[in-house]
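Undergrad: Sending over a structure as structure tokens; questions will come in a sec.
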Amino acid sequence: MFNSSIIALLTTTTLAGRIAYLALLALLVCSLAAEAQQPSTPANDGIPAALQPFVERHALAGAVTLVASADRVLSLDAVGFADIAGGQAMRTDALFWVASQSKPITATALMMLVDEGTVNVDDPVEKYLPEFKGQMLAAAAAQTSLRQPGHPIAVREVLSHTSGLPFASPLEQPTLDLHPLRDAVRSYAAVPLVFEPGSKYQYSNAGMNTVGRIIEVVSGMPYEEFLQKRLFDPLGMKDTTFWPSEEQLRRLAKSYKPNAAKTGLEEITISQLKYPLTDRTRRFPMPAGGLFSTAQDMGRFCQTILNGGAFEGTRCVSEAAVKRMTSKQTGAALKDGYGFGWGVGGGCFGHAGAYSTDMSVDPKRGLITVFLVQHAGYPLDGDKSHGAFKQAAYKRFAK
């Protein structure tokens with residue numbers, strides 16, 4: 001059901017397009033894996049065995065995979081290398097830039113404020129961020145003519161990529177983490193909307209960063225502090241951060257892209273972020289895609305959502321809020337499936353990241369899958385590794 005969208009997105013060279021493609025592909029793989037489920041298989045035909053051939057033919061550097069139910073981790077595996085040149089084997093506590101997997105975390109934080117009655121998703125953004133008052137709409141693609149939109153952008157629209165905000169602003173160059181959240185969001189308010197709010201789905205980092213700024217203004221505390229106190233500490237997400245420590249950097253998996261011949265891998269840095277990654281003075285939190293994390297931490301977050309907002313006796317967000325986040329919020333007229341911070345479709349919900357990370361929740365089967373790699377594209381058939389993981393996971397663990 002996603003075929004036409006995937007074909008269109010495969011041709012894009014933009015970061016936004018690649019991330020949107022990955023999100024759609026993750027949901028398609030969820031559907032295919034569910035259809036392919038079989039009875040449990042022997043241990044020698046498990047998840048590492050499904051991925052090892054990709055490592056051996058240099059189509060995949062390495063991966064950490066996690067499969068969980070609502071209350072326990074069913075498998076946690078590492079294959080391949082965190083550092084190919086250094087011969088460093090991947091380990092299960094390896095750290096990854098999870099990029100746009102930050103979006104569901106930001107949406108969950110916002111919905112905590114909705115639960116408390118301090119934010120209403122139907123309100124205009126300008127109620128909380130006055131700099132958005134009077135924002136105009138580009139009446140033509142060249143943005144040479146402006147007019148008022150039919151309505152100011154609403155909180156629900158920045159949560160669901162239907163606001164009309166661009167992917168990023170001209171200020172966010174050459175990397176996306178150069179400015180305090182306050183300044184980045186002001187730059188979004190200063191540019192024209194690219195389409196009528198609510199009329200279209202267009203993946204937007206700017207929208208989710210705006211959500212993060214609303215959290216700051218309403219809660220009265222910095223966005224990153226809110227996440228730490230209200231989500232990461234209560235859920236035991238000890239390795240989730242915008243600024244990896246020196247110890248965490250030693251566990252950070254190297255990033256790779258296909259080499260020029262597309263027959264192997266070439267090591268790269270994370271081009272969207274400023275180095276050094278530990279710098280808290282010149283790097284700033286990015287709600288749409290700045291987090292680093294581990295499979296265990298992302299698994300705990302997904303278990304919280306699968307459990308309706310609670311985990312190990314700690315309730316972070318209401319069941320009603322979880323239902324809204326993980327249900328289609330893009331409107332009946334739009335085919336694109338997106339909730340509040342989560343991609344939805346095929347009976348699953350989840351989110352991917354720019355360097356091919358993914359998490360998916362299958363509520364019908366009570367199954368969570370987390371796939372962490374650091375690939376800006378794959379050589380050979382490496383792009384099939386995610387599907388191979390999902391199929392192996394469903395064979396062993398689907399009910």
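By order of appearance in the structure tokens: chains A, B, ..., then residues from 1 within every chain, and ligands from 1 in the order shown.
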Write out as a list of chain:residue names each polymer residue whose atoms come within 7 Å of A:Ala78, counting only C-alpha atoms; drop sequence neighbours fewer than 3 positions from it.

TA: A:Ala63, A:Val64, A:Thr65, A:Met90, A:Arg91, A:Thr92

Undergrad: Write the residues of the preceding selection, restricted to N, CA and C atoms, as a short mmCIF file (atom, residue, chain, number, x, y, z; two decimals), in the first residue's frame.

TA:
data_model
loop_
_atom_site.label_atom_id
_atom_site.label_comp_id
_atom_site.auth_asym_id
_atom_site.auth_seq_id
_atom_site.Cartn_x
_atom_site.Cartn_y
_atom_site.Cartn_z
N ALA A 63 25.35 -4.01 13.49
CA ALA A 63 24.02 -3.63 13.98
C ALA A 63 23.83 -4.13 15.41
N VAL A 64 22.99 -3.44 16.13
CA VAL A 64 22.46 -3.93 17.40
C VAL A 64 20.95 -4.04 17.23
N THR A 65 20.41 -5.19 17.58
CA THR A 65 18.97 -5.43 17.44
C THR A 65 18.37 -5.79 18.79
N MET A 90 31.02 -4.87 17.25
CA MET A 90 29.83 -4.22 17.79
C MET A 90 29.47 -4.87 19.12
N ARG A 91 29.03 -4.07 20.05
CA ARG A 91 28.59 -4.57 21.36
C ARG A 91 27.17 -4.11 21.61
N THR A 92 26.47 -4.82 22.47
CA THR A 92 25.04 -4.56 22.64
C THR A 92 24.76 -3.22 23.31
#

Undergrad: Write out as a list in words which residues come within 9 Å of stretch 271-274 of chain A when counting only C-alpha atoms, dropping same-chain ones fewer than 2 positions away.

TA: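 My list of contacting residues is Gln173, Pro174, Thr175, Leu176, Asp177, Leu178, Ile268, Thr269, Pro276, Leu277, Asp279, Arg282, Arg283 and Gly290 of chain A.
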
Undergrad: Could the residues in this selection be written to a file with C-alpha atoms, as a short mmCIF file (atom, residue, chain, number, x, y, z; two decimals), in the first residue's frame?

TA:
data_model
loop_
_atom_site.label_atom_id
_atom_site.label_comp_id
_atom_site.auth_asym_id
_atom_site.auth_seq_id
_atom_site.Cartn_x
_atom_site.Cartn_y
_atom_site.Cartn_z
CA GLN A 173 23.53 25.63 7.87
CA PRO A 174 25.91 23.85 7.59
CA THR A 175 24.59 21.66 10.41
CA LEU A 176 21.24 21.47 12.19
CA ASP A 177 22.45 21.95 15.78
CA LEU A 178 24.14 25.37 15.67
CA ILE A 268 32.10 9.12 7.42
CA THR A 269 31.18 11.57 10.17
CA PRO A 276 33.03 17.70 18.78
CA LEU A 277 29.81 16.01 19.83
CA ASP A 279 30.52 20.44 23.07
CA ARG A 282 28.37 25.39 20.48
CA ARG A 283 26.00 22.45 19.96
CA GLY A 290 19.48 15.32 17.93
#

Undergrad: Which residues, written as an NGL selection string, have at least one atom at most 12 Å from A:Pro180, with only C-alpha atoms counted and residues fewer than 3 positions away on the same chain left out?

TA: :A and (171-172 or 176-177 or 183-187 or 209-210 or 212-213 or 216 or 222-224 or 280-287)

Undergrad: Between atom CA of A:Leu159 and atom CA of A:Gly117, what is the spacing in Å?

TA: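 So the two atoms, atom CA of A:Gly117 and atom CA of A:Leu159, lie 17.1 Å apart.
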
Undergrad: How close does stretch 73-124 of chain A get to stretch 377-394 of chain A? List, as a tab-separated table, each residue of stretch 73-124 of chain A within 12 Å, its nearest atom pair and the distance in Å to one decimal, counting only C-alpha atoms.

TA:
residue	atom	partner	partner_atom	distance
A:Leu74	CA	A:Ala393	CA	9.6
A:Ser75	CA	A:Ala393	CA	8.8
A:Leu76	CA	A:Ala393	CA	10.8
A:Asp77	CA	A:Phe389	CA	10.7
A:Ala78	CA	A:Phe389	CA	11.7
A:Val79	CA	A:Phe389	CA	11.3
